[in-house]
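**Q** Dropping a structure here in structure tokens format, bear with me for questions.
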Amino acid sequence: MYTQSMDVPSDEVSASPALSDAEASATFDARCARGEFIEAKDWMPAPYRQTLVRQISQHAHSEIVGMLPEGNWLTRAPSLKRKTILLAKVQDEGGHGLYLYAAAETLGTSRDDLIAALHSGRAKYSSIFNYPTPTWADIGVIGWLVDGAAIMNQVPLCRCSYGPYARAMIRICREESFHQRQGFDLLHTLMQGTAAQQAMVQDAVNRWWWPVLMMFGPPDQDSPHAETSVKWGIKRISNDDLRQKFVDAIVEQAAVLGVTLPDPGLKWNAARGAHDFSPIDWTEFWQVVNGHGPCNRERLAARVAAYDEGAWVREAALAYADKQAARQAAAVTPATERRSPP
Amino acid sequence: MTNQRDWPLWEVFIRSRAGLDHKHCGSVHAPDATLALQAARDVYTRRQEGVSIWVVRADQIVASDPADKAALFDPMADKIYRHPTFYALPDEVNHL
């Protein structure tokens, strides 16, 4: 599970709270400052609502689209054990998407609208899922690095000021640890294997490392919504701080695994008490976010096809529910009005 | 296509184990009660989180208005004599 695009700007959001209700707005800000939770029916400024709908729905879309790169390997997992693990993980991603859609809907938007926004390309999802998964080692790296980065991003969201989102995140974080551990376990097993298997792991790490660092979002100075998101308790830790924390954690894990991270500039800085690393190519990030990554079209086409091809099922289920409801209504009308027994 | 309306929303309540209350845990969309239960089971109990599920149509729930919060709940704030800690008893019987 995977958030990143928390700070990706979108046209529909303005940065300043509505002035029409200054008093309510001040009360609201004070509640946020005291660390109170905001619930669905509470008054909230329109930009707070818009920011949350954008962030939670991007997050939900990321979970759903995130099923695709891994689903690619369900039929090709190398053993029954790995296949059942991967099935469980992909099912979790679907579940996480559903928790989050439900949380977004509490803000007064409909599931249909959210899905339509994804399918039309209006809504974003995490750029990381626009990269391909050509080898089995990619599945391990998604668990170790992609889910590892996601956990780093998501743990602070368990304390988000919006109650339904925070509760969904608690549920998600509880399940996410399995994802990261199975990924590390998969890679660790490969690293005990042949030279070719070890090379496959290193190749996958080389391809994923920079896109994973981009998952934390643009640098702090280029994050347009950060200030209000911090004020409202939506965002607790800045993109750059989370990214640094992630790099510091991963260096040690990479050593245990026996892989190198593809950055000659990566080294311990004793003065900072943290690792320095090379600058990130943000041109690539924005290209992928704006639809020009390696798999953007394929991913969206797969989602739209799944939705369209499932239309007859949704329709049939509704028709059946309507028929049952009609029968039940007929059964409770007085006996004298009944025409004939069913 | 003849029928494209959104499936209704159901709130999901789970009893995590015998002896505990059902607790709200989220919601699902489903066309009827049977499928709502099935969806709730798939979405909210993948790791044995429950032994019993309730699903309730969201539009059937009647809730208090947050605007009435003060009127409904503030009157209890000054009724501290309803709490056992209000009463200072002699040490010998203070375990009461």
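Order determines the names: the first chain of the structure tokens is A, the second B, and so forth; residues in each chain are numbered 1 upward, and ligands are numbered 1 upward as they are shown.
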If the cut-off is 10 Å, can you tell me the residues of chain A near chain B, counting only C-alpha atoms? I'd like them as number ranges by chain.
**A** A: 39-43, 88, 91-92, 94-103, 105-106, 110-113, 164, 167-168, 171, 175, 311-312, 314-322, 324-325
**Q** DSSP on the backbone, then: every residue of region 14-191 of chain A marked alpha helix (DSSP H), written as a PyMOL selection string.
**A** chain A and resi 22-33+46-65+67-71+80-105+111-120+136-141+147-154+163-191
**Q** If we count only C-alpha atoms and set the cut-off at 7 Å, which residues sit around region 275-290 of chain A, ignoring sequence neighbours fewer than 2 positions away in its own chain? Please answer as a list in words.
**A**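 Selected residues are Ser127, Met214, Asp248, Asp263, Gly265, Leu266, Lys267, Trp268, Asn269, His292 and Gly293 of chain A.
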**Q** If you measure from CA of Asp147 (chain A) to CA of Leu68 (chain A), what distance in Å do you get, rounded to one decimal?
**A** 14.7 Å
**Q** Got a sec to tell me which of region 209-322 of chain A DSSP assigns to strand (DSSP E or B), as a ChimeraX atom specification?
**A** /A:267-269,274-276
**Q** Write the residues you've just listed into a file as a compact mmCIF listing (two decimals), in the first residue's frame, and include N, CA and C atoms for each of them.
**A**
# COMPACT_ATOMS: atom_id res chain seq x y z
N LYS A 267 26.50 8.08 1.18
CA LYS A 267 27.46 7.76 2.24
C LYS A 267 27.06 8.40 3.56
N TRP A 268 27.58 7.80 4.63
CA TRP A 268 27.26 8.26 5.98
C TRP A 268 27.89 9.63 6.22
N ASN A 269 27.11 10.52 6.76
CA ASN A 269 27.58 11.85 7.11
C ASN A 269 27.54 11.96 8.64
N ALA A 274 23.34 11.20 9.54
CA ALA A 274 22.41 10.65 8.54
C ALA A 274 23.19 10.39 7.26
N HIS A 275 22.56 9.65 6.33
CA HIS A 275 23.22 9.38 5.06
C HIS A 275 22.97 10.51 4.07
N ASP A 276 24.04 10.92 3.39
CA ASP A 276 23.87 11.82 2.24
C ASP A 276 23.53 10.96 1.02
**Q** What lies within 8 Å of region 50-61 of chain B using only C-alpha atoms, ignoring chain neighbours under 6 positions off, as a PyMOL selection string?
**A** chain B and resi 8-18+22+33+36-37+40-41
